[in-house]
Number of protein chains: 2
Amino acid sequence: MEELNQHELTKEFLDGFRRAVEEKDETYIKVSLEDLRHADISLILEEFDAQESHYVLQLLPPETAAAIINDLDEYVRTEFLKDFSIGEIASYIDLLETDNGADILNELPIKEREEVIGNLKNEEKAKYIVELLRYDENCAGGLMAKELVKVNLEWTVIQCIDEIRRQAENVEKIYSVYVVDEKDTLLGRVSLKSILLSNTRDKVKNIYDPDIVRVHTYMVEEEIASIMQKYDLEVLPVVNVHGKLVGRITVDDIIDVITEQAEQERQLMAGLAEDVEEDDTVWLLSRARLPWLVIGLMGGMIGARLIGVFEDVLAQVTAVAFFIPLIMATGGNVGVQSSALVVQSLAARLAFQDTLLQRIFKVFLVAIINGLILSSLVYLFIFLTVDATLALVVTTALFSVVIIASILGTIVPLLLDKIGFNPALASGPFITTTIDLMGLAIYFTVAHLLYEAI
Amino acid sequence: MEELNQHELTKEFLDGFRRAVEEKDETYIKVSLEDLRHADISLILEEFDAQESHYVLQLLPPETAAAIINDLDEYVRTEFLKDFSIGEIASYIDLLETDNGADILNELPIKEREEVIGNLKNEEKAKYIVELLRYDENCAGGLMAKELVKVNLEWTVIQCIDEIRRQAENVEKIYSVYVVDEKDTLLGRVSLKSILLSNTRDKVKNIYDPDIVRVHTYMVEEEIASIMQKYDLEVLPVVNVHGKLVGRITVDDIIDVITEQAEQERQLMAGLAEDVEEDDTVWLLSRARLPWLVIGLMGGMIGARLIGVFEDVLAQVTAVAFFIPLIMATGGNVGVQSSALVVQSLAARLAFQDTLLQRIFKVFLVAIINGLILSSLVYLFIFLTVDATLALVVTTALFSVVIIASILGTIVPLLLDKIGFNPALASGPFITTTIDLMGLAIYFTVAHLLYEAI
């Protein structure tokens with residue numbers, strides 16, 4: 001990997017580094033981190049506690065230290081910054097881009113936040129950060145950075161180059177140069193390539209591209225992510241309600257949004273109540289798992305009462321109990337499959353021509369096909385191993401469960417999405433518990449009715 | 001939305017457009033698509049069949065038509081291109097970037113593929129595409145495009161600008177200019193910003209940045225995605241084993257990789273066997289769901305046999321049947337939670353300091369805490385509603401199931417990952433079925449032993 005210029009975190013390196021930190025061997029620490037990128041140092045520091053990391057950071061160039069603080073996971077950072085003075089935090093935020101600075105400030109308690117803002121040296125940055133703090137974290141306003149290069153429509157190419165030179169230090173990656181009028185209304189963009197290939201006396205208005213995709217400050221992150229993906233963009237300008245250019249969102253932030261969405265969805269599907277990771281504490285991990293386990297448990301207890309109601313059926317035909325697992329497992333599987341398909345459509349924001357009724361009709365058809373195939377297999381199995389009556393009971397119940405689980409699994413995520421919840425919740429323990437109980441109720445009712453009738 | 005320059009697909013628009021296509025109203029079609037971006041037209045065409053779309057494409061500028069073909073989903077495109085002649089396909093591939101051209105060719109039957117390559121007008125592109133076809137689709141070589149701008153270390157800035165001008169038409173987005181020696185060995189990069197701000201007589205070797213992250217042709221897409229995310233890059237140069245620059249990977253392709261990974265994981269977790277979407281045919285949807293449902297069904301049948309073995313216990317104490325759902329649901333929930341955590345760690349490629357044993361020990365601790373809490377609740381419930389013996393039976397089984405499901409849920413995804421399967425498979429029906437059966441076996445064995453003993 002060495003030749004690829006990427007740092008590999010070995011146990012040997014970490015052991016040596018840990019010893020150096022304990023012995024406060026400044027030279028060793030400085031030398032071993034010298035050639036590393038900040039993202040690599042961040043990974044190393046996650047293995048150390050707040051005081052130790054604080055000590056290491058002070059030995060690094062301030063820009064690198066600021067970038068490392070920015071790299072940290074929100075939860076790690078909150079712990080980490082407790083060891084820092086207000087002045088120190090302010091000095092690091094002075095070195096970060098405005099969007100990242102605002103994110104870190106957002107995580108601080110309100111009093112500290114105000115104090116840090118008061119301590120920022122860079123006044124323009126302080127003003128920008130205060131502006132960004134007004135926006136909700138999950139909308140375009142909360143994602144955007146104020147750092148960008150804008151030029152006036154009436155300028156010449158040489159004026160653009162001067163402006164780029166003036167902003168070069170503030171704007172690390174330029175991507176596009178935005179074209180505005182005197183009121184800062186966004187009119188279009190001009191690429192660095194066109195600036196480079198144009199005559200220096202050319203006017204911006206003759207080389208700019210007025211066809212530009214933009215987003216509004218209030219648009220939510222999912223919407224922005226899908227626009228960026230659809231048009232293959234790496235940067236999106238943000239305008240306010242008057243069309244004024246107020247910031248830009250870069251693709252790295254959107255990749256984070258996409259990754260977080262996938263992670264959140266996985267946790268909901270798996271029934272984890274908090275954003276935990278395997279290396280969190282035992283206590284945190286237990287706590288994240290318990291709520292959904294308890295809901296499942298309550299479902300199980302209700303199920304027990306429900307079966308209890310039909311005790312006479314069980315006493316009459318013990319074999320009815322044999323197929324409880326089959327009914328439950330199939331109902332759960334069908335429900336999860338159905339909801340996953342809906343969640344996927346919602347995530348891809350597919351342009352659905354189908355109305356809700358058409359959609360349910362289709363789900364219904366699929367359920368009938370699968371229900372028939374599964375029921376036939378089960379009928380054969382029970383007919384051969386037990387008897388025809390039980391075979392009829394189980395297959396009738398199984399078929400109904402497949403249909404109901406399909407429809408519930410389709411409607412519930414749509415409903416959740418409509419009322420503003422994450423639809424992936426519908427693949428989690430709550431819905432599977434519901435489907436389990438419905439399955440049991442159907443199974444025992446059918447059994448009760450059929451055995452009564454015979 | 002109009003003012004944001006994004007097209008909203010309305011039913012009115014689609015109805016009007018559909019009528020125009022049926023009546024072959026060329027002017028209407030051309031006018032209504034004129035101001036749309038290709039990504040928007042692609043969405044519209046997904047509502048039409050192959051012949052209709054083909055007809056519409058012929059009315060568009062060839063560059064737009066090529067971009068639309070490139071936008072299409074792989075499955076849609078395969079159907080779609082059946083209506084096209086070899087010459088037509090070749091003419092569109094001539095207008096696409098090499099990586100996209102190679103992807104489309106990869107989807108064609110081998111004979112057609114060769115014919116299309118033979119019909120390409122742009123000889124350099126044909127050579128590049130043939131080179132790209134050698135690589136596996138899921139590695140850096142398969143993801144990269146040949147379009148890039150490279151300059152020699154010894155050149156001056158003015159020579160760089162000339163090279164950019166020469167390549168301007170081929171390379172739509174430049175991102176970085178790569179610096180190489182005479183043998184094309186990648187030495188570093190120089191940003192358009194530095195070129196723009198340097199004196200035209202400056203030498204490349206004085207302004208370039210030798211610190212550049214690169215990937216090898218053989219690296220797999222997950223690895224590339226994680227490198228791009230870690231270092232916040234929007235483009236990555238690809239080198240061969242000799243360090244020679246052979247292509248570059250852009251962030252839009254990596255976003256697709258991340259999205260596909262999340263989608264694939266969701267499908268595995270939900271037990272869908274094929275890459276299906278809600279708007280696929282009823283038949284395709286049934287087929288994708290059946291394999292896992294049948295596995296679950298087989299699990300249910302084995303479960304039935306297993307309970308049958310313990311029929312005497314059931315005959316003696318019917319109430320044992322009441323708690324089958326509780327045991328099964330809890331086992332399943334715990335198993336899915338555990339595997340989701342492991343899948344998440346694997347996806348995030350966290351640098352784990354813990355050994356497998358440490359990891360399992362921690363999982364064990366969490367399981368003991370949760371097992372104790374859940375068992376206490378259940379003991380209380382059964383003690384109050386049934387009796388102390390059954391309470392003891394169920395809680396003993398429940399506690400064991402929580403422990404075993406935790407450990408299985410941790411080990412199985414790690415094992416799957418090790419032997420090259422997607423670990424998310426471990427949250428799917430296969431593992432939940434296994435845990436269900438183990439839960440039943442434990443429950444009935446405990447019940448059998450305890451009731452025997454009494």
# chains A, B, ... in the order shown; residues from 1 in each chain; ligands from 1
call {"tool": "residues_around", "arguments": {"residues": "Tyr451 of chain B", "least_positions_apart": "5", "cutoff": "9 Å", "atoms": "only C-alpha atoms", "output": "list in words"}}
result
Val313, Gln316, Val317, Thr389, Leu390, Val393 and Val446 of chain B
call {"tool": "select_by_dssp", "arguments": {"residues": "segment 236-375 of chain A", "states": "strand (DSSP E)", "output": "PyMOL selection string"}}
result
chain A and resi 236-239+245-250
call {"tool": "closest_atom_pairs", "arguments": {"of": "segment 36-155 of chain B", "to": "segment 268-281 of chain B", "cutoff": "12 Å", "atoms": "only C-alpha atoms", "output": "JSON lines"}}
result
{"residue": "B:Glu46", "atom": "CA", "partner": "B:Asp279", "partner_atom": "CA", "distance": 10.9}
{"residue": "B:Glu47", "atom": "CA", "partner": "B:Asp279", "partner_atom": "CA", "distance": 10.7}
{"residue": "B:Asp73", "atom": "CA", "partner": "B:Glu277", "partner_atom": "CA", "distance": 11.5}
{"residue": "B:Glu74", "atom": "CA", "partner": "B:Asp275", "partner_atom": "CA", "distance": 11.1}
{"residue": "B:Tyr75", "atom": "CA", "partner": "B:Asp275", "partner_atom": "CA", "distance": 10.0}
{"residue": "B:Val76", "atom": "CA", "partner": "B:Asp280", "partner_atom": "CA", "distance": 10.5}
call {"tool": "interface_residues", "arguments": {"of": "chain A", "to": "chain B", "cutoff": "7 Å", "atoms": "only C-alpha atoms", "output": "PyMOL selection string"}}
result
chain A and resi 4-6+39+165+192+196-197+212-215+230-232+252+255+262+270-272+277-278+282+285-286+290+293+296-297+300-301+303-304+307-308+314-315+318+321-323+325-326+329-330+333+336-337+340-342+345+362+365-366+369-370+429
call {"tool": "residues_around", "arguments": {"residues": "Ile404 of chain B", "least_positions_apart": "2", "cutoff": "9 Å", "atoms": "only C-alpha atoms", "output": "ChimeraX atom specification"}}
result
/B:331,335,364,367,399-402,406-409,435,438-439
call {"tool": "residues_around", "arguments": {"residues": "Val157 of chain A", "least_positions_apart": "4", "cutoff": "6 Å", "atoms": "only C-alpha atoms", "output": "ChimeraX atom specification"}}
result
/A:200-202
call {"tool": "write_last_selection", "arguments": {"atoms": "C-alpha atoms", "output": "compact mmCIF listing (two decimals), in the first residue's frame"}}
result
# COMPACT_ATOMS: atom_id res chain seq x y z
CA THR A 200 -8.39 37.23 -21.08
CA ARG A 201 -10.34 40.09 -22.60
CA ASP A 202 -13.47 37.99 -23.21
call {"tool": "select_by_dssp", "arguments": {"residues": "segment 184-398 of chain A", "states": "alpha helix (DSSP H)", "output": "PyMOL selection string"}}
result
chain A and resi 192-197+204-207+221-230+251-270+282-309+311-316+324-348+356-385+388-398
call {"tool": "write_last_selection", "arguments": {"atoms": "C-alpha atoms", "output": "short mmCIF file (atom, residue, chain, number, x, y, z; two decimals), in the first residue's frame"}}
result
data_model
loop_
_atom_site.label_atom_id
_atom_site.label_comp_id
_atom_site.auth_asym_id
_atom_site.auth_seq_id
_atom_site.Cartn_x
_atom_site.Cartn_y
_atom_site.Cartn_z
CA LEU A 192 -12.34 26.86 -14.82
CA LYS A 193 -11.72 25.10 -18.12
CA SER A 194 -13.55 27.80 -20.11
CA ILE A 195 -11.77 30.55 -18.17
CA LEU A 196 -8.45 28.89 -18.90
CA LEU A 197 -9.21 28.48 -22.59
CA VAL A 204 -18.07 36.55 -18.77
CA LYS A 205 -21.46 37.03 -20.41
CA ASN A 206 -20.09 35.57 -23.63
CA ILE A 207 -18.61 32.42 -22.15
CA GLU A 221 -30.98 16.59 2.18
CA GLU A 222 -32.63 13.56 0.55
CA GLU A 223 -33.93 15.79 -2.22
CA ILE A 224 -30.51 17.37 -2.72
CA ALA A 225 -28.81 13.98 -2.79
CA SER A 226 -31.20 12.72 -5.44
CA ILE A 227 -30.72 15.85 -7.61
CA MET A 228 -26.94 15.56 -7.36
CA GLN A 229 -27.09 11.90 -8.33
CA LYS A 230 -29.55 12.40 -11.14
CA VAL A 251 -20.41 16.20 -3.23
CA ASP A 252 -18.44 14.97 -0.20
CA ASP A 253 -21.22 16.19 2.09
CA ILE A 254 -23.79 14.47 -0.11
CA ILE A 255 -21.90 11.18 0.00
CA ASP A 256 -22.10 11.44 3.78
CA VAL A 257 -25.86 12.01 3.51
CA ILE A 258 -26.27 8.92 1.31
CA THR A 259 -24.15 6.77 3.63
CA GLU A 260 -26.02 7.96 6.71
CA GLN A 261 -29.37 7.26 5.07
CA ALA A 262 -28.30 3.70 4.27
CA GLU A 263 -27.00 3.23 7.81
CA GLN A 264 -30.14 4.59 9.41
CA GLU A 265 -32.28 2.38 7.23
CA ARG A 266 -30.28 -0.70 8.14
CA GLN A 267 -30.65 0.07 11.81
CA LEU A 268 -34.39 0.54 11.52
CA MET A 269 -34.71 -2.71 9.57
CA ALA A 270 -32.64 -4.51 12.18
CA VAL A 282 -21.61 -2.82 26.38
CA TRP A 283 -24.13 -0.64 28.15
CA LEU A 284 -24.87 1.51 25.09
CA LEU A 285 -25.23 -1.59 22.92
CA SER A 286 -27.67 -3.21 25.35
CA ARG A 287 -29.72 -0.04 25.56
CA ALA A 288 -29.94 0.31 21.78
CA ARG A 289 -31.20 -3.23 21.42
CA LEU A 290 -33.66 -3.40 24.28
CA PRO A 291 -36.60 -1.22 23.12
CA TRP A 292 -37.32 -3.31 20.05
CA LEU A 293 -36.66 -6.57 21.88
CA VAL A 294 -39.19 -5.56 24.50
CA ILE A 295 -41.75 -4.72 21.81
CA GLY A 296 -41.12 -8.15 20.27
CA LEU A 297 -41.47 -9.68 23.73
CA MET A 298 -44.77 -7.93 24.32
CA GLY A 299 -45.92 -9.27 20.96
CA GLY A 300 -44.89 -12.72 22.16
CA MET A 301 -46.88 -12.30 25.36
CA ILE A 302 -49.96 -11.14 23.49
CA GLY A 303 -49.44 -14.13 21.20
CA ALA A 304 -49.37 -16.41 24.24
CA ARG A 305 -52.69 -14.98 25.47
CA LEU A 306 -54.13 -15.32 22.01
CA ILE A 307 -53.18 -18.99 21.68
CA GLY A 308 -54.48 -19.46 25.22
CA VAL A 309 -57.92 -18.40 24.04
CA GLU A 311 -56.57 -23.81 24.20
CA ASP A 312 -59.49 -26.14 23.43
CA VAL A 313 -58.34 -26.49 19.82
CA LEU A 314 -54.84 -27.37 20.99
CA ALA A 315 -56.11 -29.83 23.56
CA GLN A 316 -58.20 -31.48 20.83
CA ILE A 324 -47.15 -22.20 14.55
CA PRO A 325 -43.50 -21.56 13.50
CA LEU A 326 -44.30 -22.11 9.82
CA ILE A 327 -47.17 -19.61 9.80
CA MET A 328 -45.20 -17.01 11.75
CA ALA A 329 -41.98 -17.31 9.75
CA THR A 330 -43.74 -17.08 6.39
CA GLY A 331 -45.84 -14.09 7.45
CA GLY A 332 -42.74 -12.29 8.71
CA ASN A 333 -40.70 -13.05 5.59
CA VAL A 334 -43.44 -11.92 3.22
CA GLY A 335 -44.02 -8.72 5.22
CA VAL A 336 -40.34 -7.79 5.25
CA GLN A 337 -39.98 -8.49 1.52
CA SER A 338 -42.97 -6.31 0.68
CA SER A 339 -41.90 -3.40 2.82
CA ALA A 340 -38.32 -3.58 1.52
CA LEU A 341 -39.60 -3.18 -2.04
CA VAL A 342 -41.63 -0.11 -1.09
CA VAL A 343 -38.74 1.39 0.88
CA GLN A 344 -36.56 0.89 -2.17
CA SER A 345 -39.02 2.65 -4.47
CA LEU A 346 -39.33 5.51 -2.02
CA ALA A 347 -35.54 5.79 -1.70
CA ALA A 348 -35.04 5.80 -5.46
CA LEU A 356 -52.16 3.26 -4.73
CA LEU A 357 -54.95 0.97 -5.88
CA GLN A 358 -53.01 -0.27 -8.92
CA ARG A 359 -50.04 -0.84 -6.69
CA ILE A 360 -51.99 -2.87 -4.18
CA PHE A 361 -53.65 -4.83 -6.95
CA LYS A 362 -50.22 -5.84 -8.24
CA VAL A 363 -49.00 -6.79 -4.77
CA PHE A 364 -52.18 -8.80 -4.44
CA LEU A 365 -51.45 -10.71 -7.67
CA VAL A 366 -47.89 -11.52 -6.59
CA ALA A 367 -49.22 -12.64 -3.20
CA ILE A 368 -51.77 -14.94 -4.83
CA ILE A 369 -49.12 -16.61 -6.99
CA ASN A 370 -46.69 -17.06 -4.10
CA GLY A 371 -49.48 -17.97 -1.69
CA LEU A 372 -50.70 -20.72 -4.04
CA ILE A 373 -47.23 -22.17 -4.59
CA LEU A 374 -46.33 -22.16 -0.89
CA SER A 375 -49.72 -23.53 0.15
CA SER A 376 -49.48 -26.40 -2.33
CA LEU A 377 -46.09 -27.42 -0.96
CA VAL A 378 -47.36 -27.25 2.60
CA TYR A 379 -50.58 -29.09 1.79
CA LEU A 380 -48.61 -31.97 0.33
CA PHE A 381 -46.28 -32.09 3.31
CA ILE A 382 -49.00 -32.10 5.96
CA PHE A 383 -51.27 -34.44 3.99
CA LEU A 384 -48.41 -36.94 3.86
CA THR A 385 -47.17 -36.50 7.44
CA ALA A 388 -56.05 -33.87 5.30
CA THR A 389 -57.96 -31.77 7.84
CA LEU A 390 -54.87 -30.23 9.39
CA ALA A 391 -53.46 -29.77 5.87
CA LEU A 392 -56.56 -27.77 4.98
CA VAL A 393 -56.37 -25.71 8.19
CA VAL A 394 -52.70 -24.81 7.76
CA THR A 395 -52.88 -24.03 4.03
CA THR A 396 -55.98 -21.86 4.42
CA ALA A 397 -54.24 -19.90 7.17
CA LEU A 398 -50.93 -19.76 5.27
#
call {"tool": "atom_distance", "arguments": {"atom1": "atom CA of Glu147 of chain A", "atom2": "atom CA of Val149 of chain B"}}
result
26.8 Å
call {"tool": "atom_distance", "arguments": {"atom1": "atom CA of Arg77 of chain B", "atom2": "atom CA of Leu57 of chain B"}}
result
13.1 Å
call {"tool": "residues_around", "arguments": {"residues": "Pro210 of chain B", "least_positions_apart": "2", "cutoff": "9 Å", "atoms": "only C-alpha atoms", "output": "ChimeraX atom specification"}}
result
/B:179,187-190,208,212
call {"tool": "write_last_selection", "arguments": {"atoms": "N, CA and C atoms", "output": "PDB file, in the first residue's frame"}}
result
ATOM      1  N   VAL B 179       0.267  14.693 -13.550  1.00  0.00           N
ATOM      2  CA  VAL B 179       1.646  14.927 -13.934  1.00  0.00           C
ATOM      3  C   VAL B 179       2.351  13.576 -14.060  1.00  0.00           C
ATOM      4  N   LEU B 187       3.179  10.913 -11.273  1.00  0.00           N
ATOM      5  CA  LEU B 187       4.049  11.573 -10.291  1.00  0.00           C
ATOM      6  C   LEU B 187       3.285  12.505  -9.364  1.00  0.00           C
ATOM      7  N   GLY B 188       2.124  12.969  -9.794  1.00  0.00           N
ATOM      8  CA  GLY B 188       1.378  13.906  -8.953  1.00  0.00           C
ATOM      9  C   GLY B 188       0.269  14.563  -9.744  1.00  0.00           C
ATOM     10  N   ARG B 189      -0.225  15.671  -9.226  1.00  0.00           N
ATOM     11  CA  ARG B 189      -1.294  16.380  -9.914  1.00  0.00           C
ATOM     12  C   ARG B 189      -1.064  17.879  -9.820  1.00  0.00           C
ATOM     13  N   VAL B 190      -1.726  18.581 -10.722  1.00  0.00           N
ATOM     14  CA  VAL B 190      -1.717  20.024 -10.617  1.00  0.00           C
ATOM     15  C   VAL B 190      -3.164  20.473 -10.863  1.00  0.00           C
ATOM     16  N   TYR B 208       3.511  21.531  -9.158  1.00  0.00           N
ATOM     17  CA  TYR B 208       2.658  20.364  -8.993  1.00  0.00           C
ATOM     18  C   TYR B 208       2.705  19.821  -7.566  1.00  0.00           C
ATOM     19  N   ILE B 212      -0.337  12.498  -3.938  1.00  0.00           N
ATOM     20  CA  ILE B 212      -1.606  12.180  -4.598  1.00  0.00           C
ATOM     21  C   ILE B 212      -2.056  10.764  -4.254  1.00  0.00           C
TER      22      ILE B 212
END
call {"tool": "residues_around", "arguments": {"residues": "segment 119-136 of chain A", "least_positions_apart": "5", "cutoff": "7 Å", "atoms": "only C-alpha atoms", "output": "MDAnalysis selection string"}}
result
chainID A and resid 87 90:91 94 98 101:102 141:142 146
call {"tool": "decode", "arguments": {"residues": "segment 140-164 of chain B", "atoms": "N, CA and C atoms", "output": "mmCIF file, in the first residue's frame"}}
result
data_model
loop_
_atom_site.group_PDB
_atom_site.id
_atom_site.type_symbol
_atom_site.label_atom_id
_atom_site.label_comp_id
_atom_site.auth_asym_id
_atom_site.auth_seq_id
_atom_site.Cartn_x
_atom_site.Cartn_y
_atom_site.Cartn_z
ATOM 1 N N ALA B 140 -11.253 -1.412 -10.116
ATOM 2 C CA ALA B 140 -10.884 -0.061 -10.573
ATOM 3 C C ALA B 140 -10.775 -0.014 -12.100
ATOM 4 N N GLY B 141 -10.183 -1.068 -12.693
ATOM 5 C CA GLY B 141 -10.040 -1.099 -14.145
ATOM 6 C C GLY B 141 -11.375 -1.053 -14.868
ATOM 7 N N GLY B 142 -12.383 -1.657 -14.258
ATOM 8 C CA GLY B 142 -13.702 -1.672 -14.864
ATOM 9 C C GLY B 142 -14.485 -0.396 -14.628
ATOM 10 N N LEU B 143 -14.105 0.351 -13.622
ATOM 11 C CA LEU B 143 -14.814 1.595 -13.294
ATOM 12 C C LEU B 143 -14.207 2.806 -13.976
ATOM 13 N N MET B 144 -12.921 2.714 -14.321
ATOM 14 C CA MET B 144 -12.213 3.905 -14.789
ATOM 15 C C MET B 144 -12.568 4.281 -16.223
ATOM 16 N N ALA B 145 -12.345 5.565 -16.527
ATOM 17 C CA ALA B 145 -12.452 6.053 -17.903
ATOM 18 C C ALA B 145 -11.055 6.405 -18.378
ATOM 19 N N LYS B 146 -10.874 6.331 -19.694
ATOM 20 C CA LYS B 146 -9.553 6.675 -20.245
ATOM 21 C C LYS B 146 -9.412 8.188 -20.438
ATOM 22 N N GLU B 147 -10.541 8.916 -20.405
ATOM 23 C CA GLU B 147 -10.489 10.354 -20.641
ATOM 24 C C GLU B 147 -9.852 11.081 -19.474
ATOM 25 N N LEU B 148 -8.721 11.697 -19.693
ATOM 26 C CA LEU B 148 -8.087 12.510 -18.657
ATOM 27 C C LEU B 148 -7.050 13.406 -19.326
ATOM 28 N N VAL B 149 -6.603 14.400 -18.584
ATOM 29 C CA VAL B 149 -5.556 15.276 -19.115
ATOM 30 C C VAL B 149 -4.283 15.012 -18.337
ATOM 31 N N LYS B 150 -3.216 14.658 -19.039
ATOM 32 C CA LYS B 150 -1.942 14.447 -18.355
ATOM 33 C C LYS B 150 -0.863 15.314 -19.005
ATOM 34 N N VAL B 151 0.054 15.778 -18.179
ATOM 35 C CA VAL B 151 1.119 16.644 -18.688
ATOM 36 C C VAL B 151 2.453 16.131 -18.185
ATOM 37 N N ASN B 152 3.499 16.459 -18.915
ATOM 38 C CA ASN B 152 4.824 16.002 -18.520
ATOM 39 C C ASN B 152 5.423 16.938 -17.475
ATOM 40 N N LEU B 153 6.136 16.338 -16.555
ATOM 41 C CA LEU B 153 6.779 17.072 -15.465
ATOM 42 C C LEU B 153 7.620 18.243 -15.977
ATOM 43 N N GLU B 154 8.206 18.074 -17.151
ATOM 44 C CA GLU B 154 9.149 19.074 -17.649
ATOM 45 C C GLU B 154 8.473 20.210 -18.417
ATOM 46 N N TRP B 155 7.151 20.068 -18.640
ATOM 47 C CA TRP B 155 6.485 21.087 -19.434
ATOM 48 C C TRP B 155 6.348 22.411 -18.683
ATOM 49 N N THR B 156 5.989 23.467 -19.470
ATOM 50 C CA THR B 156 5.665 24.743 -18.854
ATOM 51 C C THR B 156 4.143 24.846 -18.746
ATOM 52 N N VAL B 157 3.672 25.852 -18.010
ATOM 53 C CA VAL B 157 2.239 26.051 -17.852
ATOM 54 C C VAL B 157 1.550 26.274 -19.198
ATOM 55 N N ILE B 158 2.221 26.987 -20.067
ATOM 56 C CA ILE B 158 1.584 27.264 -21.367
ATOM 57 C C ILE B 158 1.398 25.964 -22.157
ATOM 58 N N GLN B 159 2.343 25.035 -22.008
ATOM 59 C CA GLN B 159 2.182 23.725 -22.666
ATOM 60 C C GLN B 159 0.996 22.956 -22.062
ATOM 61 N N CYS B 160 0.828 23.118 -20.752
ATOM 62 C CA CYS B 160 -0.332 22.481 -20.100
ATOM 63 C C CYS B 160 -1.624 23.022 -20.700
ATOM 64 N N ILE B 161 -1.696 24.352 -20.819
ATOM 65 C CA ILE B 161 -2.924 24.959 -21.334
ATOM 66 C C ILE B 161 -3.196 24.477 -22.755
ATOM 67 N N ASP B 162 -2.152 24.351 -23.546
ATOM 68 C CA ASP B 162 -2.322 23.824 -24.901
ATOM 69 C C ASP B 162 -2.857 22.404 -24.882
ATOM 70 N N GLU B 163 -2.332 21.593 -23.940
ATOM 71 C CA GLU B 163 -2.788 20.210 -23.836
ATOM 72 C C GLU B 163 -4.253 20.160 -23.409
ATOM 73 N N ILE B 164 -4.630 21.025 -22.469
ATOM 74 C CA ILE B 164 -6.028 21.078 -22.035
ATOM 75 C C ILE B 164 -6.916 21.457 -23.222
#
